[in-house]
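Colleague: Okay, handing you the structure first.
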Amino acid sequence: MIDLSGKVALVTGAASAGGLGFAGASIMAAQGASIFLTDLDGAAVEARAADLRAAGHKAVAMAQDVTDEAQWDAVRDAVLAEYGRIDILVNNAGIAVLRHMSEITAAEWHRQISVNLDSVFLGTRMAMAQMRAQGGGGSIINLSSVAGLIGLPGCGAYGASKGGVRLFTKSVALEVAADNIRINSIHPGMIMTDMQKVAIADNKDVYDQLVAVIPMGRLGEPKDIGNMVAFLASDEARYITGAEFTVDGGMVAQ
Ligand code: NAD
């Protein structure tokens with residue numbers, strides 16, 4: 001039985017009601033965690049925190065650009081002012097620049113790597129320092145992708161960022177294991193969120209190629225990922241670190 005009572009969870013990129021960040025936050029809140037949400041879109045993420053409070057949970061929110069180092073310090077200070085500790089970090093914020101290499105600009109490439117990979121470095125470094133200062137213990141969960149496991153057309157930049165997240169996670173796991181800080185990556189397949197809708201609108205042929213290779217024959221739902229987030233956040237996962245979890249309807253099993 002997963003119980004997150006007394007734990008404090010910081011979740012980035014949580015502004016969308018139908019996104020993976022809010023799905024994970026909602027499930028963790030229902031299991032007793034105190035929630036701190038951030039996103040580039042400050043008004044929308046505050047609305048999500050209000051949704052959780054209306055459901056009887058503890059939740060606050062703050063605007064944050066996860067690519068900005070100084071803003072991570074401000075977020076840490078705000079979480080500590082509110083709750084006094086950080087037990088769980090979900091590095092969820094991300095963008096998908098799905099461009100074939102003949103089309104992508106250098107600016108798009110750098111933005112992709114900055115939002116999806118630099119952010120995970122900055123957030124992890126902040127959280128592991130804070131968890132160590134608390135005496136150790138904690139769970140860091142990084143949202144990668146199936147595109148961080150296998151090559152996919154149109155995913156050169158996105159896959160590079162998510163593959164980077166995967167191996168970053170494993171290396172850091174070795175450095176913090178003795179402090180009982182766990183860090184794992186989740187690799188969603190195609191989950192129907194706003195990001196997916198934008199990617200589809202942007203590049204329908206890439207979408208058609210991807211959906212054709214899902215053995216379960218459908219997209220996933222945000223709660224399919226949210227449940228994995230909550231499990232990895234919990235003490236039930238206490239012996240799991242440096243691991244990768246594919247949640248994809250069988251997409252990369254082939
Ligand atoms: P989403 O677009 O619904 O949510 C992502 C959020 O990140 C948005 O609210 C956006 O405002 C925020 N964001 C973007 N840039 C930011 C920045 N610089 N600072 C702070 N916030 C920023 O996306 P989602 O589908 O919920 O995806 C969540 C994560 O899961 C992403 O890392 C994504 O790459 C990964 N993922 C999603 C899928 C999928 O099928 N939806 C598949 C694999 C991996």
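How things are named: the first chain in the structure tokens is A, the next is B, and so on; residues count from 1 in each chain; ligands count from 1 in the order shown.
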Run DSSP on the backbone of this structure and report the residues of stretch 35-110 of chain A it assigns to helix (DSSP H, G or I), as an MDAnalysis selection string.

Modeller: chainID A and resid 42:54 69:83 106:110

Colleague: Do you know which residues are within 7 Å of ligand 1 using only C-alpha atoms and all ligand atoms? Can you write them as a ChimeraX atom specification?

Modeller: /A:12-16,18-21,38-41,64-67,92-96,115-116,143-146,187-196

Colleague: Excluding stretch 149-163 of chain A and any residue of its chain fewer than 6 positions from it, enumerate the residues within 7 Å of it, using only C-alpha atoms, and give them as a PyMOL selection string.

Modeller: chain A and resi 96-101+109+112-113+116-117+206

Colleague: What's around A:Ala173 at 7 Å? Count only C-alpha atoms, leave out sequence neighbours fewer than 2 positions away in its own chain, and write the answer as a PyMOL selection string.

Modeller: chain A and resi 169-171+175-177+182-183+241-242

Colleague: Can you spit out the residues from that selection as an mmCIF file, in the first residue's frame, using N, CA and C atoms?

Modeller:
```cif
data_model
loop_
_atom_site.group_PDB
_atom_site.id
_atom_site.type_symbol
_atom_site.label_atom_id
_atom_site.label_comp_id
_atom_site.auth_asym_id
_atom_site.auth_seq_id
_atom_site.Cartn_x
_atom_site.Cartn_y
_atom_site.Cartn_z
ATOM 1 N N THR A 169 20.810 9.939 -15.135
ATOM 2 C CA THR A 169 20.123 9.343 -13.985
ATOM 3 C C THR A 169 20.926 8.188 -13.405
ATOM 4 N N LYS A 170 21.431 7.324 -14.267
ATOM 5 C CA LYS A 170 22.176 6.150 -13.792
ATOM 6 C C LYS A 170 23.482 6.555 -13.110
ATOM 7 N N SER A 171 24.186 7.502 -13.702
ATOM 8 C CA SER A 171 25.459 7.917 -13.104
ATOM 9 C C SER A 171 25.248 8.574 -11.753
ATOM 10 N N GLU A 175 26.279 7.934 -7.351
ATOM 11 C CA GLU A 175 26.906 8.917 -6.466
ATOM 12 C C GLU A 175 26.098 9.160 -5.198
ATOM 13 N N VAL A 176 24.797 8.941 -5.249
ATOM 14 C CA VAL A 176 23.954 9.294 -4.091
ATOM 15 C C VAL A 176 23.352 8.081 -3.381
ATOM 16 N N ALA A 177 23.640 6.884 -3.878
ATOM 17 C CA ALA A 177 23.025 5.681 -3.292
ATOM 18 C C ALA A 177 23.366 5.536 -1.805
ATOM 19 N N ARG A 182 17.400 7.952 -3.974
ATOM 20 C CA ARG A 182 17.154 7.139 -5.172
ATOM 21 C C ARG A 182 16.834 8.050 -6.345
ATOM 22 N N ILE A 183 17.293 7.657 -7.532
ATOM 23 C CA ILE A 183 17.003 8.449 -8.728
ATOM 24 C C ILE A 183 16.770 7.485 -9.887
ATOM 25 N N THR A 241 16.969 1.988 -7.589
ATOM 26 C CA THR A 241 17.657 3.216 -7.997
ATOM 27 C C THR A 241 18.496 2.967 -9.246
ATOM 28 N N GLY A 242 18.669 4.026 -10.021
ATOM 29 C CA GLY A 242 19.439 3.929 -11.258
ATOM 30 C C GLY A 242 18.736 3.105 -12.327
#
```

Colleague: Taking the chain letters and numbering used in this document, name the residues of stretch 3-194 of chain A that DSSP puts in strand (DSSP E), as a PyMOL selection string.

Modeller: chain A and resi 8-11+34-39+59-63+88-91+138-143+181-188

Colleague: Calculate how many Å separate atom CA of A:His110 from atom CA of A:Asp68, rounding to one decimal.

Modeller: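 Going from atom CA of A:His110 over to atom CA of A:Asp68, I get 14.1 Å.
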
Colleague: Check the smallest atom-to-atom distance from each of A:Tyr207, A:Phe36, A:Phe245, A:Tyr239 to A:Val90 using only C-alpha atoms, then report the winner.

Modeller: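 Nearest to A:Val90: A:Phe36.
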
Colleague: Leaving out A:Glu46 and any residue of its chain fewer than 6 positions from it, which residues lie within 8 Å of it when counting only C-alpha atoms, given as number ranges by chain?

Modeller: A: 15, 37, 60-62

Colleague: Once you have the residues from the selection above, write them out as a compact mmCIF listing (two decimals), in the first residue's frame, restricted to C-alpha atoms.

Modeller:
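Final file, out-v1.txt:
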```txt
# COMPACT_ATOMS: atom_id res chain seq x y z
CA ALA A 15 0.47 23.50 -15.34
CA LEU A 37 4.00 22.60 -8.34
CA VAL A 60 1.05 25.43 -3.53
CA ALA A 61 2.54 26.63 -6.81
CA MET A 62 5.14 29.00 -8.21
```

Colleague: I'd like the contact shell of A:Ile141 - 12 Å cut-off, only C-alpha atoms, skipping same-chain residues fewer than 5 positions apart - returned as number ranges by chain.

Modeller: A: 9-12, 21, 24, 87-93, 120, 123-124, 127-128, 165-166, 168-170, 172-173, 181-187, 225-226, 228-234, 237, 240-245

Colleague: Interatomic distance between atom CA of A:Ala59 and atom CA of A:Met131?

Modeller: 20.2 Å

Colleague: Expressed in Å to a single decimal, how great is the separation between atom CA of A:Met126 and atom CA of A:Leu4?

Modeller: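 Atom-to-atom, atom CA of A:Met126 to atom CA of A:Leu4, that is 21.4 Å.
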
Colleague: Excluding same-chain residues fewer than 5 positions from A:Gly84, what lies within 12 Å of it counting only C-alpha atoms, as a PyMOL selection string?

Modeller: chain A and resi 6-9+34+36+76-79+130-131+133-134

Colleague: Pull C-alpha atoms from the residues just selected and write them as a compact mmCIF listing (two decimals), in the first residue's frame.

Modeller:
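selection_21.txt was written with the following content:
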```
# COMPACT_ATOMS: atom_id res chain seq x y z
CA GLY A 6 4.55 13.36 5.61
CA LYS A 7 6.46 13.53 2.33
CA VAL A 8 6.96 16.73 0.33
CA ALA A 9 6.94 16.47 -3.46
CA SER A 34 2.30 17.75 0.35
CA PHE A 36 4.68 22.01 -4.64
CA ARG A 76 14.09 25.45 -3.13
CA ASP A 77 13.76 28.39 -0.73
CA ALA A 78 10.01 28.61 -1.39
CA VAL A 79 9.45 24.87 -0.83
CA GLN A 130 18.90 19.47 -0.01
CA MET A 131 18.22 15.77 0.66
CA ALA A 133 21.37 18.39 4.17
CA GLN A 134 18.25 16.74 5.61
```
